[in-house]
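Asks: My structure is stored as work_28.tsv, with TSV, C-alpha atoms.
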chain	number	residue	atom	x	y	z
P	1	MET	CA	95.17	93.23	132.93
P	2	HIS	CA	93.24	91.43	135.62
P	3	LYS	CA	90.13	93.46	134.81
P	4	ARG	CA	90.43	92.75	131.09
P	5	LEU	CA	90.75	89.03	131.80
P	6	SER	CA	87.65	89.11	133.98
P	7	PHE	CA	85.80	90.54	130.98
P	8	ILE	CA	87.19	88.20	128.36
P	9	VAL	CA	86.87	84.87	130.19
P	10	PRO	CA	83.08	84.85	130.65
P	11	VAL	CA	82.53	86.21	127.15
P	12	VAL	CA	84.68	83.49	125.59
P	13	LEU	CA	82.98	80.79	127.70
P	14	MET	CA	79.61	82.07	126.64
P	15	GLY	CA	80.67	82.04	123.00
P	16	ILE	CA	81.76	78.42	123.26
P	17	VAL	CA	78.52	77.26	124.87
P	18	ILE	CA	76.34	79.16	122.39
P	19	ALA	CA	78.37	77.85	119.45
P	20	ALA	CA	78.08	74.28	120.75
P	21	HIS	CA	74.36	74.84	121.18
P	22	THR	CA	73.78	75.94	117.60
P	23	LEU	CA	76.23	73.59	115.91
P	24	SER	CA	74.86	70.48	117.60
P	25	GLU	CA	71.39	70.92	116.07
P	26	PRO	CA	70.60	69.01	112.87
P	27	ALA	CA	68.21	70.55	110.34
P	28	VAL	CA	64.62	69.84	111.37
P	29	ALA	CA	62.96	72.18	108.87
P	30	GLU	CA	59.51	71.39	107.49
P	31	TYR	CA	58.98	68.60	104.99
P	32	GLY	CA	58.89	70.22	101.56
P	33	ASP	CA	60.74	73.42	102.50
P	34	VAL	CA	62.69	74.34	99.36
P	35	VAL	CA	66.12	75.93	99.63
P	36	LEU	CA	67.08	77.84	96.48
P	37	ASN	CA	70.73	78.68	96.15
P	38	GLU	CA	71.32	78.85	92.40
P	39	TYR	CA	72.62	82.42	92.46
P	40	SER	CA	72.26	83.68	96.05
P	41	ASP	CA	75.61	82.67	97.58
P	42	GLU	CA	77.48	84.00	94.56
P	43	ALA	CA	75.66	87.30	94.85
P	44	GLY	CA	76.43	87.61	98.55
P	45	MET	CA	72.85	87.02	99.62
P	46	ARG	CA	71.52	84.34	101.92
P	47	PRO	CA	69.81	81.48	100.03
P	48	VAL	CA	66.04	81.57	99.65
P	49	VAL	CA	63.86	79.32	101.80
P	50	PHE	CA	60.46	78.64	100.25
P	51	PRO	CA	57.98	77.19	102.78
P	52	HIS	CA	55.68	74.89	100.77
P	53	TRP	CA	53.38	74.34	103.78
P	54	PHE	CA	52.70	78.05	104.22
P	55	HIS	CA	51.77	78.48	100.57
P	56	ARG	CA	49.61	75.37	100.27
P	57	VAL	CA	47.43	76.62	103.10
P	58	ARG	CA	46.65	79.64	100.89
P	59	PHE	CA	46.85	78.32	97.33
P	60	ARG	CA	46.25	75.00	95.61
P	61	CYS	CA	49.24	73.47	93.82
P	62	LYS	CA	47.67	74.38	90.47
P	63	VAL	CA	48.05	78.13	91.01
P	64	CYS	CA	51.86	78.10	91.05
P	65	HIS	CA	52.58	74.88	89.19
P	66	GLY	CA	49.96	75.47	86.51
P	67	ASP	CA	49.12	79.15	86.13
P	68	LEU	CA	52.50	80.60	87.13
P	69	GLY	CA	54.60	77.97	85.37
P	70	PHE	CA	56.74	76.72	88.26
P	71	ALA	CA	58.33	73.41	87.23
P	72	PHE	CA	58.14	70.54	89.73
P	73	LYS	CA	61.88	70.80	90.34
P	74	ALA	CA	63.89	72.69	92.95
P	75	GLY	CA	66.19	75.07	91.09
P	76	GLY	CA	64.51	74.19	87.79
P	77	ASN	CA	63.04	77.61	87.04
P	78	GLN	CA	66.07	79.94	86.76
P	79	ILE	CA	64.29	82.54	88.84
P	80	ASN	CA	66.13	85.81	89.36
P	81	MET	CA	65.16	89.18	90.80
P	82	VAL	CA	64.56	90.75	87.36
P	83	LYS	CA	61.87	88.18	86.59
P	84	ILE	CA	60.31	88.61	90.02
P	85	ILE	CA	60.19	92.41	89.67
P	86	ASP	CA	58.65	91.94	86.20
P	87	GLY	CA	55.82	89.97	87.80
P	88	GLN	CA	56.88	86.46	86.88
P	89	TYR	CA	57.09	83.50	89.31
P	90	CYS	CA	57.13	84.78	92.94
P	91	GLY	CA	56.54	88.29	91.61
P	92	ALA	CA	53.02	87.40	90.45
P	93	CYS	CA	51.88	87.67	94.09
P	94	HIS	CA	54.83	89.26	95.89
P	95	ASP	CA	54.24	92.71	94.41
P	96	GLY	CA	52.58	94.45	97.34
P	97	GLY	CA	49.16	93.31	96.07
P	98	ILE	CA	48.36	89.74	97.07
P	99	ALA	CA	51.50	89.42	99.19
P	100	TRP	CA	54.26	91.69	100.48
P	101	SER	CA	56.65	93.06	97.90
P	102	VAL	CA	60.30	92.54	97.03
P	103	GLU	CA	61.73	95.15	99.40
P	104	ASN	CA	61.46	92.56	102.18
P	105	CYS	CA	64.63	90.82	101.00
P	106	ASP	CA	65.25	89.01	104.28
P	107	LEU	CA	61.87	87.30	104.42
P	108	CYS	CA	62.85	85.06	101.49
P	109	HIS	CA	66.64	85.33	101.64
P	110	SER	CA	66.74	83.96	105.17
P	111	GLY	CA	68.56	80.66	104.70
P	112	ASN	CA	71.85	79.64	106.24
P	113	PRO	CA	74.66	80.61	103.83
P	114	ASP	CA	76.16	77.72	101.82
P	115	THR	CA	73.00	75.58	102.08
P	116	PRO	CA	72.67	73.84	98.68
P	117	THR	CA	69.49	73.89	96.58
P	118	GLN	CA	67.24	71.12	97.89
P	119	VAL	CA	63.77	70.01	98.85
P	120	HIS	CA	64.26	69.52	102.55
P	121	HIS	CA	63.56	66.02	103.84
P	122	SER	CA	62.58	64.76	100.39
P	123	THR	CA	63.03	61.07	99.62
P	124	VAL	CA	65.64	61.83	96.99
P	125	GLN	CA	67.61	64.04	99.37
P	126	GLN	CA	67.62	61.31	102.00
P	127	LEU	CA	68.65	58.62	99.52
P	128	MET	CA	71.37	60.82	98.02
P	129	SER	CA	72.88	61.81	101.35
P	130	ALA	CA	72.79	58.18	102.55
P	131	ALA	CA	74.38	57.01	99.29
P	132	ARG	CA	77.05	59.68	99.51
P	133	LYS	CA	77.86	58.78	103.11
P	134	ASN	CA	78.28	55.14	102.08
P	135	ALA	CA	80.41	56.07	99.07
P	136	GLU	CA	82.64	58.26	101.21
P	137	SER	CA	83.19	55.61	103.86
P	138	ASP	CA	83.67	52.85	101.26
P	139	ASP	CA	86.23	54.62	99.18
P	140	ASP	CA	87.84	57.83	100.39
P	141	LYS	CA	90.00	58.19	97.32
P	142	THR	CA	87.24	58.47	94.73
P	143	SER	CA	86.94	62.23	94.88
P	144	ASP	CA	85.07	62.99	91.65
P	145	ASP	CA	81.82	63.64	93.42
P	146	LYS	CA	79.37	64.80	90.80
P	147	THR	CA	76.32	64.60	93.06
P	148	ASP	CA	76.95	68.06	94.49
P	149	GLY	CA	73.47	69.38	93.76
P	150	GLU	CA	72.03	67.70	96.78
P	151	GLY	CA	68.46	66.58	96.47
P	152	GLY	CA	67.88	67.89	92.94
P	153	GLU	CA	64.33	66.83	92.23
P	154	GLU	CA	63.08	65.48	88.95
Y	1	MET	CA	84.93	106.53	134.67
Y	2	THR	CA	84.73	104.19	137.62
Y	3	SER	CA	81.15	103.31	136.86
Y	4	ILE	CA	82.08	102.29	133.30
Y	5	THR	CA	84.84	100.07	134.67
Y	6	THR	CA	82.41	98.57	137.15
Y	7	VAL	CA	79.98	97.79	134.34
Y	8	ARG	CA	82.73	96.21	132.25
Y	9	VAL	CA	83.91	94.04	135.12
Y	10	VAL	CA	80.64	93.17	136.81
Y	11	LEU	CA	78.24	92.77	133.89
Y	12	PRO	CA	79.97	89.77	132.25
Y	13	TRP	CA	79.98	87.93	135.58
Y	14	LEU	CA	76.33	88.67	136.05
Y	15	LEU	CA	75.68	86.80	132.81
Y	16	LEU	CA	77.50	83.73	134.09
Y	17	PRO	CA	74.53	82.09	135.90
Y	18	GLY	CA	72.64	82.07	132.60
Y	19	LEU	CA	75.64	80.53	130.91
Y	20	PHE	CA	75.86	77.78	133.52
Y	21	LEU	CA	72.17	77.07	133.15
Y	22	LEU	CA	72.67	76.69	129.39
Y	23	ALA	CA	75.64	74.39	129.98
Y	24	VAL	CA	73.72	72.30	132.51
Y	25	VAL	CA	70.81	71.90	130.08
Y	26	ASP	CA	73.26	70.86	127.36
Y	27	VAL	CA	74.91	68.27	129.59
Y	28	HIS	CA	71.50	67.00	130.66
Y	29	PHE	CA	70.39	66.45	127.05
Y	30	ALA	CA	73.76	65.01	126.05
Y	31	ALA	CA	73.45	62.50	128.90
Y	32	ALA	CA	69.94	61.57	127.76
Y	33	GLU	CA	71.15	61.01	124.20
Y	34	GLU	CA	74.01	58.85	125.37
Y	35	ASN	CA	71.82	56.34	127.17
Y	36	PRO	CA	72.27	53.31	124.89
Y	37	ASN	CA	68.97	51.79	125.94
Y	38	ALA	CA	66.89	54.91	125.58
Y	39	PHE	CA	63.41	54.41	124.18
Y	40	ASN	CA	63.04	55.38	120.49
Y	41	ARG	CA	66.73	56.16	120.23
Y	42	LEU	CA	66.61	57.27	116.57
Y	43	MET	CA	63.08	58.59	116.28
Y	44	LYS	CA	62.49	62.30	116.53
Y	45	PRO	CA	60.18	63.01	119.50
Y	46	ALA	CA	56.93	64.85	118.75
Y	47	SER	CA	58.20	67.86	120.68
Y	48	GLU	CA	60.91	68.40	118.06
Y	49	ARG	CA	58.57	68.30	115.06
Y	50	ASN	CA	57.48	71.42	113.17
Y	51	ALA	CA	60.32	73.53	114.58
Y	52	ALA	CA	60.09	77.32	114.41
Y	53	PRO	CA	62.15	78.93	111.62
Y	54	GLU	CA	64.90	80.24	113.92
Y	55	SER	CA	65.64	76.75	115.22
Y	56	ASP	CA	64.91	74.61	112.14
Y	57	GLY	CA	68.52	74.37	110.97
Y	58	ILE	CA	67.83	75.85	107.54
Y	59	HIS	CA	66.96	79.45	108.36
Y	60	ASP	CA	69.70	81.79	109.51
Y	61	PRO	CA	68.67	82.86	113.02
Y	62	THR	CA	70.67	86.08	112.56
Y	63	ALA	CA	68.65	87.15	109.48
Y	64	ASP	CA	66.19	89.94	110.27
Y	65	GLY	CA	63.40	88.20	108.37
Y	66	THR	CA	63.67	84.85	110.14
Y	67	MET	CA	61.95	86.07	113.29
Y	68	MET	CA	59.06	87.50	111.27
Y	69	LEU	CA	58.19	84.18	109.63
Y	70	GLN	CA	55.28	82.15	110.96
Y	71	PRO	CA	56.19	79.14	113.09
Y	72	PRO	CA	54.53	76.05	111.51
Y	73	ARG	CA	52.99	74.89	114.79
Y	74	GLU	CA	50.92	78.06	114.94
Y	75	ALA	CA	49.40	77.32	111.52
Y	76	PHE	CA	48.99	73.58	112.15
Y	77	ALA	CA	47.24	73.86	115.53
Y	78	GLY	CA	43.71	73.14	114.27
Y	79	LEU	CA	44.56	70.78	111.39
Y	80	PRO	CA	44.16	66.99	111.31
Y	81	LYS	CA	47.36	65.12	112.13
Y	82	SER	CA	49.22	62.45	110.18
Y	83	ARG	CA	52.28	60.35	110.93
Y	84	SER	CA	54.81	61.77	108.51
Y	85	GLY	CA	55.73	64.68	106.27
Y	86	ASN	CA	54.46	67.87	107.89
Y	87	TYR	CA	52.52	65.59	110.29
Y	88	ILE	CA	49.38	67.11	108.76
Y	89	ASN	CA	46.74	65.23	106.77
Y	90	TRP	CA	46.35	67.83	104.05
Y	91	SER	CA	43.66	66.05	102.03
Y	92	LYS	CA	41.50	65.71	105.13
Y	93	ALA	CA	42.17	69.36	105.98
Y	94	ILE	CA	40.85	70.49	102.60
Y	95	GLU	CA	37.96	67.98	102.67
Y	96	ASP	CA	36.83	69.28	106.07
Y	97	GLN	CA	37.35	72.87	104.85
Y	98	LEU	CA	39.82	73.60	107.63
Y	99	VAL	CA	42.02	75.22	105.00
Y	100	ALA	CA	40.63	77.12	102.01
Y	101	PRO	CA	43.46	77.44	99.52
Y	102	ARG	CA	42.61	79.50	96.44
Y	103	TYR	CA	42.18	77.75	93.10
Y	104	ASP	CA	42.72	81.04	91.30
Y	105	MET	CA	45.41	83.50	92.30
Y	106	ASN	CA	43.08	86.51	92.38
Y	107	ASN	CA	39.61	85.04	92.82
Y	108	PRO	CA	38.92	83.55	96.26
Y	109	ASP	CA	35.61	82.09	95.05
Y	110	ALA	CA	36.93	80.04	92.12
Y	111	ASN	CA	36.22	76.33	92.52
Y	112	PRO	CA	38.35	73.44	91.27
Y	113	ILE	CA	37.08	71.04	88.61
Y	114	VAL	CA	36.96	67.87	90.71
Y	115	LEU	CA	36.97	64.52	88.93
Y	116	ASP	CA	35.68	61.65	91.05
Y	117	LEU	CA	37.29	58.68	89.34
Y	118	ASN	CA	39.31	55.93	90.98
Y	119	ILE	CA	41.99	54.11	89.00
Y	120	VAL	CA	42.95	50.69	90.31
Y	121	ARG	CA	46.44	49.53	89.47
Y	122	GLU	CA	47.05	45.85	90.00
Y	123	VAL	CA	50.56	45.47	91.31
Y	124	LYS	CA	52.91	42.58	90.55
Y	125	GLY	CA	54.27	42.03	94.06
Y	126	SER	CA	52.61	40.88	97.24
Y	127	MET	CA	51.42	44.33	98.29
Y	128	PRO	CA	47.72	45.23	97.99
Y	129	ASP	CA	46.69	46.88	94.72
Y	130	VAL	CA	46.92	50.62	94.35
Y	131	VAL	CA	43.79	52.73	94.29
Y	132	TYR	CA	44.50	56.12	92.78
Y	133	PRO	CA	41.74	58.65	93.57
Y	134	HIS	CA	41.43	61.47	91.05
Y	135	LYS	CA	39.16	63.25	93.53
Y	136	GLN	CA	41.78	64.18	96.13
Y	137	HIS	CA	44.28	65.06	93.42
Y	138	THR	CA	41.99	67.34	91.42
Y	139	GLN	CA	41.19	69.23	94.62
Y	140	TRP	CA	44.73	70.55	94.44
Y	141	LEU	CA	45.86	70.14	90.85
Y	142	ASP	CA	44.86	70.80	87.27
Y	143	CYS	CA	44.71	67.89	84.79
Y	144	ALA	CA	47.60	69.47	82.88
Y	145	ASN	CA	49.88	69.27	85.91
Y	146	CYS	CA	50.14	65.50	85.48
Y	147	HIS	CA	48.81	64.74	81.97
Y	148	PRO	CA	50.48	64.02	79.66
Y	149	ALA	CA	54.00	64.92	80.86
Y	150	ILE	CA	54.10	62.73	83.98
Y	151	PHE	CA	51.30	60.24	83.26
Y	152	ILE	CA	50.03	59.37	79.79
Y	153	PRO	CA	46.23	59.46	80.12
Y	154	MET	CA	45.73	55.95	78.78
Y	155	LYS	CA	45.17	52.62	80.53
Y	156	GLY	CA	48.32	50.51	80.61
Y	157	ALA	CA	50.51	53.19	79.09
Y	158	ASN	CA	52.41	54.07	82.26
Y	159	ASN	CA	55.17	51.91	83.63
Y	160	ILE	CA	55.38	52.80	87.32
Y	161	SER	CA	57.72	51.19	89.82
Y	162	MET	CA	58.62	51.93	93.41
Y	163	ALA	CA	62.21	52.46	92.23
Y	164	SER	CA	61.17	55.28	89.92
Y	165	ILE	CA	58.92	56.78	92.61
Y	166	LEU	CA	61.79	56.74	95.11
Y	167	MET	CA	63.97	58.54	92.58
Y	168	GLY	CA	61.42	61.33	92.28
Y	169	GLU	CA	59.65	60.28	89.10
Y	170	LYS	CA	55.94	59.52	88.43
Y	171	CYS	CA	54.06	59.68	91.78
Y	172	GLY	CA	57.41	60.59	93.36
Y	173	VAL	CA	57.40	64.03	91.73
Y	174	CYS	CA	55.13	65.08	94.61
Y	175	HIS	CA	54.99	62.08	96.99
Y	176	GLY	CA	58.34	62.33	98.72
Y	177	THR	CA	58.70	66.09	98.28
Y	178	VAL	CA	55.47	67.80	99.39
Y	179	ALA	CA	52.62	65.29	99.31
Y	180	PHE	CA	52.60	62.50	101.90
Y	181	PRO	CA	55.88	60.55	101.65
Y	182	VAL	CA	56.33	57.01	100.33
Y	183	SER	CA	56.65	55.63	103.86
Y	184	GLU	CA	52.84	55.77	103.98
Y	185	CYS	CA	52.57	52.53	101.93
Y	186	ARG	CA	48.95	51.73	102.77
Y	187	ARG	CA	47.50	55.02	101.72
Y	188	CYS	CA	48.11	53.95	98.08
Y	189	HIS	CA	48.36	50.17	98.40
Y	190	SER	CA	44.91	49.97	99.89
Y	191	ARG	CA	42.88	47.34	98.00
Y	192	PRO	CA	43.58	43.76	99.11
Y	193	LYS	CA	44.16	41.38	96.21
Y	194	PRO	CA	41.38	38.91	95.44
Y	195	VAL	CA	42.40	35.50	96.83
Y	196	ALA	CA	41.94	33.79	93.45
Y	197	ASP	CA	44.50	36.15	91.90
Y	198	ASN	CA	47.13	35.05	94.37
Y	199	GLU	CA	46.73	31.39	93.47
Y	200	ASP	CA	47.47	31.48	89.76
The structure in this file should be written as structure tokens.
Replies:
Amino acid sequence: MHKRLSFIVPVVLMGIVIAAHTLSEPAVAEYGDVVLNEYSDEAGMRPVVFPHWFHRVRFRCKVCHGDLGFAFKAGGNQINMVKIIDGQYCGACHDGGIAWSVENCDLCHSGNPDTPTQVHHSTVQQLMSAARKNAESDDDKTSDDKTDGEGGEE
Amino acid sequence: MTSITTVRVVLPWLLLPGLFLLAVVDVHFAAAEENPNAFNRLMKPASERNAAPESDGIHDPTADGTMMLQPPREAFAGLPKSRSGNYINWSKAIEDQLVAPRYDMNNPDANPIVLDLNIVREVKGSMPDVVYPHKQHTQWLDCANCHPAIFIPMKGANNISMASILMGEKCGVCHGTVAFPVSECRRCHSRPKPVADNED
């Protein structure tokens, strides 16, 4: 019993400190990082994180937003894995030719579960979250919150 | 048998010094945050910018792929700095050829059709007038990205306000999501109003 306790106590302590460590950190992801969680959570996958900065180093905006038909709106393209495998959207490059192919699930599906679709650190996201905070503190009883799609860009 | 027991009993305690170190660091930072008169209390220090994926709060550090992704600081090391967004001046980076993004998906040698035409928009308020440079925009974009869906290509046909930009329309489709954010007022509002204009 004594031995078991001497095993459990440090492990539990360690768990608490590590949990506190990770929980206390706010999101400081890159400006323009897009989280896509239209279907991922439902399908039991982690949401997709699209790093805009990484792609703009390699391609001009026109390549994806003109030639490949990506709308200027997070979650506005109804992208699914069938389309990607058929060579549309991400699949135009991520086919093992220009960029690594779809078997590397975790490289895109690497977001924290339950993170809503958003453009991280966008003006709209900041205004929406500030407005929601105010609304919540002003009136706790108004519960019909229809602004769930946080940071949906136009 | 005894050696296994020894490992089970001793090993966790061996990890304790590391745990205490972690706790001490936590307390140290907590104390620093609690100082009510700390300098730049709400501003993120430069050391916390461009965090690596595993510590950026959006990536799941337990996902296998997260550790394989490139940390932004590695990519940004040689690029010109700015004061907001990614803290990178992207238009200077492309101008100085420090990045060479492709204009065509497959052809690395394709060149953009650059239009060197400034549009001056006289603004109603007290801010300097806006100078919109087609040059920097056509480095990245095709005409059809903006015209005619976002901006009607005709003088006086577009009603633009800061309110609509803040809500992600007009210039705000990109400025405030990926292009430099709207906090950089003077990068657009850059032409001082003629004095005579202010008097009438």
Asks: For Asp60 (chain Y), find every residue with an atom within 9 Å (counting only C-alpha atoms), except residues of its own chain fewer than 2 positions away, and show them as a PyMOL selection string.
Replies: (chain P and resi 46+110-113) or (chain Y and resi 53-55+57-58+62-64+66)
Asks: Nearest residue to chain P out of Y:Cys185, Y:Ala163, Y:Leu115, Y:Met105, using all atoms listed in the file?
Replies: Y:Met105
Asks: To one decimal in Å, tell me the separation between CA of Asp96 (chain Y) and CA of His189 (chain Y).
Replies: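 For CA of Asp96 (chain Y) relative to CA of His189 (chain Y), the distance reads 23.6 Å.
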Asks: By how many Å are CA of Phe70 (chain P) and CA of Gly156 (chain Y) apart?
Replies: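 If I compute the distance from CA of Phe70 (chain P) to CA of Gly156 (chain Y), I get 28.6 Å.
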Asks: Return the neighbours of chain Y among the residues of chain P, cut-off 6 Å, counting all atoms listed in the file, as a VMD selection string.
Replies: chain P and resid 7 27 to 29 31 to 32 57 to 62 106 to 107 110 to 112 122 to 124 154
Asks: Using Å and a single decimal, report how far CA of Arg83 (chain Y) sits from CA of Ala38 (chain Y).
Replies: 21.4 Å
Asks: Nearest to Cys105 (chain P) among P:Ile79, P:Met45, P:Pro51, P:Asp67, with distances taken over all atoms listed in the file: which residue is it?
Replies: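 Residue with the minimum atom-to-atom distance to Cys105 (chain P): P:Met45.
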Asks: In terms of the shortest atom-to-atom distance over all atoms listed in the file, which of Y:Arg73, Y:Lys155, Y:Arg121, Y:Lys193 is closest to Trp53 (chain P)?
Replies: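 Under the stated criterion, the closest residue is Y:Arg73.
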Asks: Missing atoms in region 118-131 of chain P: fill them in up to N, CA and C atoms and send the result as a tab-separated table (two decimals), in the frame of the given file.
Replies:
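In the end it all went to rebuild08.tsv:
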chain	number	residue	atom	x	y	z
P	118	GLN	N	67.78	72.42	97.47
P	118	GLN	CA	67.24	71.12	97.89
P	118	GLN	C	65.77	71.23	98.24
P	119	VAL	N	65.09	70.10	98.21
P	119	VAL	CA	63.77	70.01	98.85
P	119	VAL	C	64.02	69.33	100.18
P	120	HIS	N	63.87	70.06	101.26
P	120	HIS	CA	64.26	69.52	102.55
P	120	HIS	C	63.43	68.29	102.92
P	121	HIS	N	64.16	67.26	103.38
P	121	HIS	CA	63.56	66.02	103.84
P	121	HIS	C	62.87	65.24	102.73
P	122	SER	N	63.18	65.53	101.47
P	122	SER	CA	62.58	64.76	100.39
P	122	SER	C	63.23	63.37	100.34
P	123	THR	N	62.52	62.43	99.74
P	123	THR	CA	63.03	61.07	99.62
P	123	THR	C	64.35	61.06	98.88
P	124	VAL	N	64.42	61.81	97.78
P	124	VAL	CA	65.64	61.83	96.99
P	124	VAL	C	66.80	62.39	97.81
P	125	GLN	N	66.54	63.46	98.56
P	125	GLN	CA	67.61	64.04	99.37
P	125	GLN	C	68.12	63.02	100.38
P	126	GLN	N	67.20	62.29	101.00
P	126	GLN	CA	67.62	61.31	102.00
P	126	GLN	C	68.41	60.17	101.38
P	127	LEU	N	67.94	59.70	100.20
P	127	LEU	CA	68.65	58.62	99.52
P	127	LEU	C	70.03	59.08	99.07
P	128	MET	N	70.10	60.30	98.52
P	128	MET	CA	71.37	60.82	98.02
P	128	MET	C	72.37	60.98	99.15
P	129	SER	N	71.92	61.56	100.29
P	129	SER	CA	72.88	61.81	101.35
P	129	SER	C	73.32	60.49	101.97
P	130	ALA	N	72.41	59.49	102.03
P	130	ALA	CA	72.79	58.18	102.55
P	130	ALA	C	73.78	57.52	101.60
P	131	ALA	N	73.50	57.62	100.28
P	131	ALA	CA	74.38	57.01	99.29
P	131	ALA	C	75.76	57.66	99.32
